[in-house]
file target-v6.pdb (PDB, C-alpha atoms and all ligand atoms)
ATOM      1  CA  MET R   1     -16.417   8.391   2.703
ATOM      2  CA  LEU R   2     -14.498   9.082   5.903
ATOM      3  CA  LEU R   3     -10.957  10.371   5.408
ATOM      4  CA  ILE R   4      -8.231   9.311   7.825
ATOM      5  CA  ARG R   5      -4.850  11.007   8.033
ATOM      6  CA  CYS R   6      -2.004   8.490   7.923
ATOM      7  CA  PRO R   7       1.004   9.855   9.844
ATOM      8  CA  TYR R   8       3.384   7.908   7.579
ATOM      9  CA  CYS R   9       1.776   8.846   4.241
ATOM     10  CA  GLU R  10       1.351  12.365   5.633
ATOM     11  CA  GLU R  11      -2.043  12.895   4.067
ATOM     12  CA  GLU R  12      -5.706  12.041   4.378
ATOM     13  CA  ARG R  13      -6.649   8.781   2.714
ATOM     14  CA  PRO R  14      -9.976   7.000   2.186
ATOM     15  CA  GLU R  15     -11.172   4.856   5.089
ATOM     16  CA  THR R  16     -11.386   1.689   2.991
ATOM     17  CA  GLU R  17      -7.561   1.607   2.863
ATOM     18  CA  PHE R  18      -7.514   1.198   6.677
ATOM     19  CA  ARG R  19      -8.281  -1.471   9.281
ATOM     20  CA  HIS R  20      -9.091  -0.945  12.925
ATOM     21  CA  ALA R  21      -6.684  -2.849  15.189
ATOM     22  CA  GLY R  22      -8.001  -2.553  18.745
ATOM     23  CA  GLU R  23      -7.218  -0.353  21.716
ATOM     24  CA  ALA R  24      -3.862   1.459  21.711
ATOM     25  CA  HIS R  25      -1.212   1.769  24.436
ATOM     26  CA  ILE R  26      -1.697  -1.707  25.909
ATOM     27  CA  ALA R  27       1.784  -2.817  26.896
ATOM     28  CA  ARG R  28       2.722  -6.484  26.836
ATOM     29  CA  PRO R  29       3.989  -7.623  30.249
ATOM     30  CA  ALA R  30       7.786  -7.602  30.337
ATOM     31  CA  ASP R  31       7.979 -10.799  32.384
ATOM     32  CA  TRP R  32       5.235 -13.326  31.754
ATOM     33  CA  SER R  33       6.321 -15.527  34.656
ATOM     34  CA  THR R  34       5.168 -12.945  37.193
ATOM     35  CA  VAL R  35       1.816 -12.213  35.571
ATOM     36  CA  THR R  36      -1.130 -13.167  37.768
ATOM     37  CA  ASP R  37      -4.399 -14.437  36.351
ATOM     38  CA  ALA R  38      -6.003 -11.096  37.169
ATOM     39  CA  ASP R  39      -3.216  -9.174  35.409
ATOM     40  CA  PHE R  40      -3.518 -11.428  32.393
ATOM     41  CA  GLU R  41      -7.267 -10.963  32.268
ATOM     42  CA  ALA R  42      -6.789  -7.194  32.315
ATOM     43  CA  PHE R  43      -4.102  -7.310  29.633
ATOM     44  CA  PHE R  44      -5.818  -9.786  27.358
ATOM     45  CA  PHE R  45      -9.545  -9.237  27.708
ATOM     46  CA  LEU R  46     -10.460  -5.977  29.393
ATOM     47  CA  ARG R  47     -10.816  -2.878  27.227
ATOM     48  CA  ALA R  48     -11.897   0.635  28.129
ATOM     49  CA  ASN R  49     -14.506   0.967  25.364
ATOM     50  CA  PRO R  50     -15.292   4.567  26.322
ATOM     51  CA  LYS R  51     -18.163   6.690  25.140
ATOM     52  CA  GLY R  52     -16.121   9.662  23.912
ATOM     53  CA  VAL R  53     -12.390   9.833  23.228
ATOM     54  CA  ALA R  54     -10.869   6.428  22.523
ATOM     55  CA  TYR R  55      -7.214   5.702  21.798
ATOM     56  CA  GLU R  56      -7.006   3.101  19.055
ATOM     57  CA  ARG R  57      -4.522   1.286  16.852
ATOM     58  CA  TRP R  58      -5.173   1.494  13.165
ATOM     59  CA  ARG R  59      -3.353   0.002  10.216
ATOM     60  CA  HIS R  60      -3.021   1.573   6.774
ATOM     61  CA  ILE R  61      -3.199  -1.938   5.405
ATOM     62  CA  HIS R  62      -3.947  -1.062   1.760
ATOM     63  CA  GLY R  63      -1.474   1.834   1.766
ATOM     64  CA  CYS R  64       1.897   2.022   3.498
ATOM     65  CA  ALA R  65       0.828  -1.001   5.640
ATOM     66  CA  ARG R  66       2.050   0.696   8.829
ATOM     67  CA  PHE R  67       0.322   0.479  12.235
ATOM     68  CA  PHE R  68      -0.301   3.837  13.886
ATOM     69  CA  ASN R  69      -2.425   5.250  16.698
ATOM     70  CA  ALA R  70      -5.446   7.495  16.679
ATOM     71  CA  ALA R  71      -7.586   9.393  19.166
ATOM     72  CA  ARG R  72     -11.161   9.101  17.972
ATOM     73  CA  ASP R  73     -14.454  10.259  19.419
ATOM     74  CA  THR R  74     -16.679   7.180  19.505
ATOM     75  CA  VAL R  75     -19.825   9.318  19.628
ATOM     76  CA  SER R  76     -19.172  11.592  16.650
ATOM     77  CA  ASP R  77     -16.875   9.095  14.847
ATOM     78  CA  LYS R  78     -14.485  12.015  14.341
ATOM     79  CA  PHE R  79     -10.740  11.346  14.268
ATOM     80  CA  ILE R  80      -9.229  13.959  16.582
ATOM     81  CA  VAL R  81      -5.587  13.173  15.883
ATOM     82  CA  THR R  82      -3.461  10.359  14.440
ATOM     83  CA  TYR R  83       0.168   9.759  15.397
ATOM     84  CA  LYS R  84       2.985   7.319  14.728
ATOM     85  CA  ALA R  85       3.367   4.081  16.674
ATOM     86  CA  GLY R  86       5.680   4.589  19.631
ATOM     87  CA  GLU R  87       4.819   8.253  20.053
ATOM     88  CA  LYS R  88       3.466   9.490  23.366
ATOM     89  CA  LYS R  89      -0.284   9.371  23.932
ATOM     90  CA  PRO R  90      -1.509  12.901  23.279
ATOM     91  CA  VAL R  91      -3.922  14.632  25.610
ATOM     92  CA  VAL R  92      -6.870  15.751  23.541
ATOM     93  CA  GLY R  93     -10.272  17.310  23.993
ATOM     94  CA  SER R  94     -13.503  15.660  22.959
ATOM     95  CA  GLY R  95     -13.062  16.739  19.352
ATOM     96  CA  LYS R  96     -16.539  18.239  19.250
TER      97      LYS R  96
ATOM     98  CA  MET I   1       5.617 -35.475 -23.709
ATOM     99  CA  ALA I   2       4.917 -31.877 -24.658
ATOM    100  CA  ASP I   3       6.963 -29.053 -23.171
ATOM    101  CA  ALA I   4       5.422 -27.173 -20.282
ATOM    102  CA  GLN I   5       4.014 -23.848 -21.409
ATOM    103  CA  ARG I   6       3.738 -20.762 -19.248
ATOM    104  CA  HIS I   7       0.302 -19.193 -19.533
ATOM    105  CA  PHE I   8       0.081 -15.481 -18.862
ATOM    106  CA  ALA I   9      -2.868 -14.760 -16.561
ATOM    107  CA  LEU I  10      -4.402 -12.165 -18.898
ATOM    108  CA  ALA I  11      -3.366 -13.640 -22.243
ATOM    109  CA  GLY I  12      -5.402 -12.184 -25.076
ATOM    110  CA  ARG I  13      -7.238  -9.689 -22.864
ATOM    111  CA  SER I  14      -7.487  -5.978 -23.664
ATOM    112  CA  ALA I  15     -10.201  -3.363 -23.931
ATOM    113  CA  SER I  16     -10.170  -0.342 -26.138
ATOM    114  CA  GLU I  17     -12.959   2.179 -25.681
ATOM    115  CA  SER I  18     -13.190   5.654 -27.167
ATOM    116  CA  VAL I  19     -11.428   7.433 -24.303
ATOM    117  CA  VAL I  20      -9.452   4.714 -22.565
ATOM    118  CA  THR I  21      -7.420   1.611 -23.336
ATOM    119  CA  VAL I  22      -6.931  -1.140 -20.757
ATOM    120  CA  MET I  23      -4.110  -3.486 -21.641
ATOM    121  CA  PRO I  24      -1.924  -5.986 -19.756
ATOM    122  CA  THR I  25       1.776  -5.101 -19.656
ATOM    123  CA  GLY I  26       4.485  -7.457 -20.792
ATOM    124  CA  PRO I  27       6.438  -9.548 -18.306
ATOM    125  CA  ALA I  28       8.645  -7.718 -15.841
ATOM    126  CA  TRP I  29      11.014  -8.308 -12.980
ATOM    127  CA  ARG I  30       9.379  -7.280  -9.739
ATOM    128  CA  VAL I  31      11.114  -7.059  -6.383
ATOM    129  CA  SER I  32       9.731  -6.351  -2.949
ATOM    130  CA  LEU I  33      12.508  -4.385  -1.252
ATOM    131  CA  ARG I  34      12.610  -3.670   2.478
ATOM    132  CA  ALA I  35      15.389  -1.702   4.178
ATOM    133  CA  ARG I  36      16.061   0.738   6.994
ATOM    134  CA  PRO I  37      17.150   4.324   6.267
ATOM    135  CA  ASP I  38      20.861   3.629   6.822
ATOM    136  CA  ALA I  39      20.870   1.109   3.945
ATOM    137  CA  VAL I  40      19.094   3.342   1.420
ATOM    138  CA  ALA I  41      22.174   5.104   0.024
ATOM    139  CA  GLY I  42      24.023   1.845  -0.682
ATOM    140  CA  LEU I  43      20.972   0.192  -2.220
ATOM    141  CA  SER I  44      20.325   3.244  -4.400
ATOM    142  CA  LYS I  45      23.877   3.091  -5.702
ATOM    143  CA  ALA I  46      23.601  -0.628  -6.454
ATOM    144  CA  LEU I  47      20.276  -0.169  -8.248
ATOM    145  CA  GLY I  48      21.389   2.866 -10.238
ATOM    146  CA  LEU I  49      18.569   5.094  -9.036
ATOM    147  CA  THR I  50      17.755   7.089  -5.915
ATOM    148  CA  LEU I  51      15.215   5.186  -3.844
ATOM    149  CA  PRO I  52      12.434   7.674  -3.101
ATOM    150  CA  GLU I  53      11.941   8.478   0.575
ATOM    151  CA  ARG I  54       8.822  10.649   0.329
ATOM    152  CA  PRO I  55       5.341   9.110   0.496
ATOM    153  CA  LYS I  56       3.502   8.473  -2.789
ATOM    154  CA  THR I  57       6.561   9.071  -4.996
ATOM    155  CA  SER I  58       8.689   7.049  -7.383
ATOM    156  CA  ALA I  59      12.034   7.195  -9.145
ATOM    157  CA  GLU I  60      13.035   5.957 -12.595
ATOM    158  CA  ALA I  61      16.309   5.256 -14.358
ATOM    159  CA  LYS I  62      16.575   3.470 -17.705
ATOM    160  CA  SER I  63      14.268   0.427 -17.628
ATOM    161  CA  ARG I  64      13.968   0.467 -13.840
ATOM    162  CA  ALA I  65      11.469   2.056 -11.485
ATOM    163  CA  ALA I  66      11.252   2.138  -7.690
ATOM    164  CA  LEU I  67       7.889   2.955  -6.139
ATOM    165  CA  TRP I  68       7.616   4.078  -2.498
ATOM    166  CA  LEU I  69       5.140   1.792  -0.744
ATOM    167  CA  GLY I  70       5.980   2.516   2.883
ATOM    168  CA  PRO I  71       8.696   4.100   5.068
ATOM    169  CA  ASP I  72      10.921   1.041   4.585
ATOM    170  CA  GLU I  73       9.337  -0.613   1.569
ATOM    171  CA  TRP I  74       9.748  -0.246  -2.199
ATOM    172  CA  TYR I  75       8.311  -1.960  -5.247
ATOM    173  CA  LEU I  76      10.921  -2.406  -7.963
ATOM    174  CA  LEU I  77       9.842  -2.852 -11.571
ATOM    175  CA  ASP I  78      12.130  -3.565 -14.492
ATOM    176  CA  GLU I  79      11.195  -4.950 -17.913
ATOM    177  CA  ALA I  80      14.780  -5.401 -19.144
ATOM    178  CA  ASN I  81      17.122  -6.345 -16.292
ATOM    179  CA  ASP I  82      16.803  -8.292 -13.057
ATOM    180  CA  PRO I  83      17.319  -5.909 -10.096
ATOM    181  CA  LEU I  84      18.446  -8.846  -7.948
ATOM    182  CA  ASP I  85      21.571  -9.158 -10.117
ATOM    183  CA  ASP I  86      22.542  -5.652  -9.013
ATOM    184  CA  LEU I  87      21.661  -6.243  -5.363
ATOM    185  CA  SER I  88      23.543  -9.523  -4.943
ATOM    186  CA  GLY I  89      26.733  -7.812  -3.762
ATOM    187  CA  GLU I  90      25.035  -5.381  -1.399
ATOM    188  CA  LYS I  91      26.237  -5.883   2.172
ATOM    189  CA  ALA I  92      23.889  -3.501   4.024
ATOM    190  CA  LEU I  93      21.008  -5.259   5.782
ATOM    191  CA  HIS I  94      17.995  -5.482   3.501
ATOM    192  CA  SER I  95      15.389  -7.881   2.175
ATOM    193  CA  ALA I  96      14.833  -8.232  -1.568
ATOM    194  CA  VAL I  97      12.294 -10.799  -2.695
ATOM    195  CA  ASP I  98      11.560 -11.670  -6.318
ATOM    196  CA  ILE I  99       7.792 -11.330  -6.815
ATOM    197  CA  SER I 100       7.904 -11.185 -10.626
ATOM    198  CA  HIS I 101       5.273 -13.888 -11.026
ATOM    199  CA  ARG I 102       3.150 -12.896  -8.049
ATOM    200  CA  ASN I 103       1.899  -9.770  -9.772
ATOM    201  CA  VAL I 104       0.405  -8.760 -13.081
ATOM    202  CA  GLY I 105       0.609  -5.275 -14.612
ATOM    203  CA  ILE I 106      -2.217  -3.515 -16.431
ATOM    204  CA  ARG I 107      -1.864  -0.253 -18.319
ATOM    205  CA  VAL I 108      -4.778   2.182 -18.280
ATOM    206  CA  GLU I 109      -4.266   4.958 -20.808
ATOM    207  CA  GLY I 110      -6.182   7.724 -22.531
ATOM    208  CA  PRO I 111      -8.187  10.851 -21.685
ATOM    209  CA  GLY I 112     -10.599   8.647 -19.685
ATOM    210  CA  ALA I 113      -7.911   6.804 -17.719
ATOM    211  CA  GLU I 114      -8.460   8.775 -14.522
ATOM    212  CA  ALA I 115     -12.248   8.328 -14.686
ATOM    213  CA  CYS I 116     -11.824   4.624 -15.433
ATOM    214  CA  LEU I 117      -9.662   4.017 -12.334
ATOM    215  CA  SER I 118     -11.803   6.290 -10.169
ATOM    216  CA  ALA I 119     -14.674   3.849 -10.729
ATOM    217  CA  GLY I 120     -13.019   1.639  -8.126
ATOM    218  CA  CYS I 121     -10.148   3.530  -6.507
ATOM    219  CA  PRO I 122     -11.206   5.845  -3.665
ATOM    220  CA  GLN I 123      -8.069   8.004  -3.782
ATOM    221  CA  ASN I 124      -8.099  11.447  -5.345
ATOM    222  CA  LEU I 125      -6.489  10.737  -8.717
ATOM    223  CA  SER I 126      -6.568  14.286 -10.068
ATOM    224  CA  LEU I 127      -3.259  15.528 -11.467
ATOM    225  CA  LYS I 128      -2.926  17.879  -8.494
ATOM    226  CA  ALA I 129      -3.293  15.179  -5.837
ATOM    227  CA  PHE I 130      -1.762  12.298  -7.810
ATOM    228  CA  PRO I 131       0.758  13.863 -10.220
ATOM    229  CA  VAL I 132       2.833  12.108 -12.861
ATOM    230  CA  GLY I 133       5.257   9.846 -10.999
ATOM    231  CA  ALA I 134       2.957   9.384  -8.012
ATOM    232  CA  ALA I 135       2.709   5.808  -6.782
ATOM    233  CA  SER I 136       0.771   4.164  -4.015
ATOM    234  CA  ARG I 137      -0.592   0.912  -2.738
ATOM    235  CA  THR I 138      -4.363   1.329  -2.669
ATOM    236  CA  ILE I 139      -7.505  -0.545  -3.657
ATOM    237  CA  LEU I 140      -9.600  -1.020  -6.767
ATOM    238  CA  GLY I 141     -13.050  -2.343  -5.975
ATOM    239  CA  LYS I 142     -12.423  -5.371  -3.769
ATOM    240  CA  SER I 143      -8.796  -5.863  -4.762
ATOM    241  CA  GLU I 144      -5.563  -4.341  -3.530
ATOM    242  CA  ILE I 145      -3.456  -2.760  -6.261
ATOM    243  CA  VAL I 146      -0.288  -0.730  -6.601
ATOM    244  CA  LEU I 147      -1.060   2.284  -8.734
ATOM    245  CA  TRP I 148       1.584   4.335 -10.554
ATOM    246  CA  ARG I 149       0.899   7.369 -12.728
ATOM    247  CA  THR I 150       3.295   7.224 -15.676
ATOM    248  CA  GLY I 151       1.824  10.170 -17.606
ATOM    249  CA  PRO I 152      -0.924  12.808 -17.433
ATOM    250  CA  GLN I 153      -3.286  10.277 -19.043
ATOM    251  CA  ALA I 154      -1.452   7.056 -18.285
ATOM    252  CA  PHE I 155      -1.421   4.734 -15.272
ATOM    253  CA  ARG I 156       0.012   1.326 -14.502
ATOM    254  CA  ALA I 157      -1.860  -0.867 -12.031
ATOM    255  CA  GLU I 158      -0.183  -3.908 -10.502
ATOM    256  CA  CYS I 159      -2.220  -6.563  -8.739
ATOM    257  CA  TRP I 160      -1.785 -10.099  -7.478
ATOM    258  CA  ARG I 161      -1.996 -12.669 -10.246
ATOM    259  CA  SER I 162      -4.993 -14.428  -8.719
ATOM    260  CA  PHE I 163      -6.851 -11.101  -8.590
ATOM    261  CA  SER I 164      -5.932 -10.092 -12.129
ATOM    262  CA  ILE I 165      -9.068 -11.510 -13.807
ATOM    263  CA  TYR I 166     -11.230  -9.527 -11.384
ATOM    264  CA  VAL I 167      -9.179  -6.350 -11.837
ATOM    265  CA  MET I 168      -9.229  -6.689 -15.629
ATOM    266  CA  ASP I 169     -13.005  -7.310 -15.658
ATOM    267  CA  PHE I 170     -13.510  -4.330 -13.368
ATOM    268  CA  LEU I 171     -11.396  -2.005 -15.526
ATOM    269  CA  GLU I 172     -13.040  -3.215 -18.723
ATOM    270  CA  GLU I 173     -16.457  -2.365 -17.372
ATOM    271  CA  ALA I 174     -15.215   0.945 -15.990
ATOM    272  CA  ALA I 175     -13.721   1.768 -19.391
ATOM    273  CA  LEU I 176     -17.184   1.380 -20.934
ATOM    274  CA  ASP I 177     -18.634   3.780 -18.349
ATOM    275  CA  ALA I 178     -15.754   6.249 -18.719
ATOM    276  CA  GLY I 179     -16.575   6.564 -22.407
ATOM    277  CA  ALA I 180     -20.304   6.988 -21.851
TER     278      ALA I 180
HETATM  279 ZN    ZN R 201       0.036   5.242   5.233
END

call {"tool": "encode", "arguments": {"input": "target-v6.pdb", "output": "structure tokens"}}
result
Amino acid sequence: MLLIRCPYCEEERPETEFRHAGEAHIARPADWSTVTDADFEAFFFLRANPKGVAYERWRHIHGCARFFNAARDTVSDKFIVTYKAGEKKPVVGSGK
Amino acid sequence: MADAQRHFALAGRSASESVVTVMPTGPAWRVSLRARPDAVAGLSKALGLTLPERPKTSAEAKSRAALWLGPDEWYLLDEANDPLDDLSGEKALHSAVDISHRNVGIRVEGPGAEACLSAGCPQNLSLKAFPVGAASRTILGKSEIVLWRTGPQAFRAECWRSFSIYVMDFLEEAALDAGA
């Protein structure tokens, strides 16, 4: 079983306690009235889906229940780093 | 017309194998407590125990226990007194919800207790990783539980009432395997 480090529980926990929650660092528009259709499409539908390092939201749903962020290599499935929600996006290598 | 009777979800259920006993607990007051750090000191004073602020820990005083579930979330258990009575005068911003009847407690005790729970709980439950007093929301098979180690060979699992039949069945079967 894959182990994922929860930044709030401060330890590695089994993957079945977690849920994936989509791409991280997608900011909601501050003023919806100025959002164009193209901006909305980008915000709502378009995701990077990279082959390699992806920044993702995860939730320790069957643990502390907190949302947090992770940098994960989508090729190797390896978690490179996890960090608390609201923290700056870390610059990381491929994790290989 | 007959009086309404309250039926305990696991009435009459228990399993006693050679190395582990699985038994429902008696009724208890249960409170879901949410609060920010600045309210913790006042709430601790009102409750008569120090709310734990480290992950996977708990605190006990008299009949009362507080289990850390998350950075701003505790699970209060008390078989003798209602914690809400003590919180009613607390002015600091917090949320305390009575969930006494939402959950059911099951004790798992004996030299095979750890093996019994490990049949369905993916966490490392060794004494080193999950010492006496450790508490955590986690899973058992397909059900979410709150697990609390009350002794070297004793655990208390709390699950939602509607899941309690499943959890009890699961632990009963695991108790058979733990003794094999
Ligand atoms: Zn956690």

call {"tool": "interface_residues", "arguments": {"input": "target-v6.pdb", "of": "chain R", "to": "chain I", "cutoff": "10 Å", "atoms": "all atoms listed in the file", "output": "VMD selection string"}}
result
chain R and resid 1 3 8 to 18 60 to 66

call {"tool": "resolve_selection", "arguments": {"input": "target-v6.pdb", "expression": "the PyMOL selection byres (((chain I and resi 15) around 12) and not hetatm)", "output": "list in words"}}
result
Leu10, Gly12, Arg13, Ser14, Ser16, Glu17, Ser18, Val19, Val20, Thr21, Val22, Met23, Pro24, Ile106, Arg107, Val108, Glu109, Gly110, Cys116, Met168, Asp169, Phe170, Leu171, Glu172, Glu173, Ala174, Ala175, Leu176 and Gly179 of chain I

call {"tool": "atom_distance", "arguments": {"input": "target-v6.pdb", "atom1": "atom CA of Val97 of chain I", "atom2": "atom CA of Leu51 of chain I"}}
result
16.3 Å

call {"tool": "closest_residue", "arguments": {"input": "target-v6.pdb", "among": "I:Glu90, I:Arg30, I:Val104, I:Asp3", "to": "Ser44 of chain I", "atoms": "all atoms listed in the file"}}
result
I:Glu90

call {"tool": "resolve_selection", "arguments": {"input": "target-v6.pdb", "expression": "the PyMOL selection byres (((chain I and resi 78) around 7) and not hetatm)", "output": "PyMOL selection string"}}
result
chain I and resi 28-30+63-65+76-77+79-82

call {"tool": "resolve_selection", "arguments": {"input": "target-v6.pdb", "expression": "the PyMOL selection byres (((chain R and resi 88) around 12) and not hetatm)", "output": "MDAnalysis selection string"}}
result
chainID R and resid 24:25 55 68:71 82:87 89:91

call {"tool": "write_last_selection", "arguments": {"input": "target-v6.pdb", "atoms": "C-alpha atoms", "output": "JSON list (two decimals), in the coordinates of the input"}}
result
[["chain", "number", "residue", "atom", "x", "y", "z"],
["R", 24, "ALA", "CA", -3.86, 1.46, 21.71],
["R", 25, "HIS", "CA", -1.21, 1.77, 24.44],
["R", 55, "TYR", "CA", -7.21, 5.70, 21.80],
["R", 68, "PHE", "CA", -0.30, 3.84, 13.89],
["R", 69, "ASN", "CA", -2.42, 5.25, 16.70],
["R", 70, "ALA", "CA", -5.45, 7.50, 16.68],
["R", 71, "ALA", "CA", -7.59, 9.39, 19.17],
["R", 82, "THR", "CA", -3.46, 10.36, 14.44],
["R", 83, "TYR", "CA", 0.17, 9.76, 15.40],
["R", 84, "LYS", "CA", 2.98, 7.32, 14.73],
["R", 85, "ALA", "CA", 3.37, 4.08, 16.67],
["R", 86, "GLY", "CA", 5.68, 4.59, 19.63],
["R", 87, "GLU", "CA", 4.82, 8.25, 20.05],
["R", 89, "LYS", "CA", -0.28, 9.37, 23.93],
["R", 90, "PRO", "CA", -1.51, 12.90, 23.28],
["R", 91, "VAL", "CA", -3.92, 14.63, 25.61]]

call {"tool": "closest_residue", "arguments": {"input": "target-v6.pdb", "among": "R:Arg28, R:Phe40, R:Leu46, R:His20", "to": "Phe67 of chain R", "atoms": "all atoms listed in the file"}}
result
R:His20

call {"tool": "closest_residue", "arguments": {"input": "target-v6.pdb", "among": "R:Thr34, R:Val92, R:Pro7, R:Pro50", "to": "Val75 of chain R", "atoms": "all atoms listed in the file"}}
result
R:Pro50

call {"tool": "atom_distance", "arguments": {"input": "target-v6.pdb", "atom1": "atom CA of Arg34 of chain I", "atom2": "atom CA of Pro131 of chain I"}}
result
24.7 Å

call {"tool": "atom_distance", "arguments": {"input": "target-v6.pdb", "atom1": "atom CA of Ala66 of chain I", "atom2": "atom CA of Ala21 of chain R"}}
result
29.5 Å

call {"tool": "axis_aligned_box", "arguments": {"input": "target-v6.pdb", "around": "segment 107-122 of chain I", "padding_each_side": "6 Å", "output": "JSON"}}
result
{"center_x": -8.3, "center_y": 5.3, "center_z": -13.1, "size_x": 24.8, "size_y": 23.1, "size_z": 30.9}

call {"tool": "closest_residue", "arguments": {"input": "target-v6.pdb", "among": "I:Ser126, I:Glu60, I:Arg102, I:Val31", "to": "Asp85 of chain I", "atoms": "all atoms listed in the file"}}
result
I:Val31

call {"tool": "decode", "arguments": {"input": "target-v6.pdb", "residues": "segment 30-80 of chain R", "atoms": "C-alpha atoms", "output": "mmCIF file, in the first residue's frame"}}
result
data_model
loop_
_atom_site.group_PDB
_atom_site.id
_atom_site.type_symbol
_atom_site.label_atom_id
_atom_site.label_comp_id
_atom_site.auth_asym_id
_atom_site.auth_seq_id
_atom_site.Cartn_x
_atom_site.Cartn_y
_atom_site.Cartn_z
ATOM 1 C CA ALA R 30 -12.102 37.495 -7.269
ATOM 2 C CA ASP R 31 -14.809 39.225 -9.300
ATOM 3 C CA TRP R 32 -17.146 36.942 -11.209
ATOM 4 C CA SER R 33 -18.790 39.834 -13.049
ATOM 5 C CA THR R 34 -15.642 40.481 -15.076
ATOM 6 C CA VAL R 35 -14.954 36.858 -15.972
ATOM 7 C CA THR R 36 -15.155 36.194 -19.705
ATOM 8 C CA ASP R 37 -16.381 32.910 -21.126
ATOM 9 C CA ALA R 38 -12.809 32.026 -22.054
ATOM 10 C CA ASP R 39 -11.561 32.794 -18.531
ATOM 11 C CA PHE R 40 -14.353 30.723 -17.052
ATOM 12 C CA GLU R 41 -13.577 27.819 -19.344
ATOM 13 C CA ALA R 42 -9.942 27.940 -18.248
ATOM 14 C CA PHE R 43 -10.859 28.164 -14.569
ATOM 15 C CA PHE R 44 -13.583 25.550 -14.605
ATOM 16 C CA PHE R 45 -12.629 22.972 -17.205
ATOM 17 C CA LEU R 46 -9.020 23.182 -18.317
ATOM 18 C CA ARG R 47 -6.417 21.259 -16.329
ATOM 19 C CA ALA R 48 -2.709 20.807 -16.935
ATOM 20 C CA ASN R 49 -2.716 17.006 -16.604
ATOM 21 C CA PRO R 50 1.062 16.804 -17.036
ATOM 22 C CA LYS R 51 3.151 13.734 -17.630
ATOM 23 C CA GLY R 52 5.602 14.227 -14.756
ATOM 24 C CA VAL R 53 5.281 16.536 -11.758
ATOM 25 C CA ALA R 54 1.677 17.438 -10.980
ATOM 26 C CA TYR R 55 0.481 19.726 -8.197
ATOM 27 C CA GLU R 56 -2.640 18.241 -6.651
ATOM 28 C CA ARG R 57 -5.095 18.752 -3.817
ATOM 29 C CA TRP R 58 -5.595 15.802 -1.556
ATOM 30 C CA ARG R 59 -7.827 15.301 1.444
ATOM 31 C CA HIS R 60 -7.041 13.150 4.473
ATOM 32 C CA ILE R 61 -10.728 12.354 4.581
ATOM 33 C CA HIS R 62 -10.560 9.313 6.892
ATOM 34 C CA GLY R 63 -7.968 10.953 9.149
ATOM 35 C CA CYS R 64 -7.739 14.598 10.177
ATOM 36 C CA ALA R 65 -10.141 15.440 7.279
ATOM 37 C CA ARG R 66 -7.941 18.349 6.165
ATOM 38 C CA PHE R 67 -7.287 19.343 2.529
ATOM 39 C CA PHE R 68 -3.617 19.741 1.656
ATOM 40 C CA ASN R 69 -1.461 19.930 -1.463
ATOM 41 C CA ALA R 70 1.002 17.513 -2.965
ATOM 42 C CA ALA R 71 3.565 17.440 -5.757
ATOM 43 C CA ARG R 72 3.365 14.007 -7.329
ATOM 44 C CA ASP R 73 5.099 12.439 -10.298
ATOM 45 C CA THR R 74 2.324 11.058 -12.497
ATOM 46 C CA VAL R 75 4.724 8.649 -14.206
ATOM 47 C CA SER R 76 6.261 6.995 -11.146
ATOM 48 C CA ASP R 77 3.242 7.681 -8.869
ATOM 49 C CA LYS R 78 5.760 8.917 -6.294
ATOM 50 C CA PHE R 79 4.746 11.701 -3.907
ATOM 51 C CA ILE R 80 7.629 14.179 -4.005
#
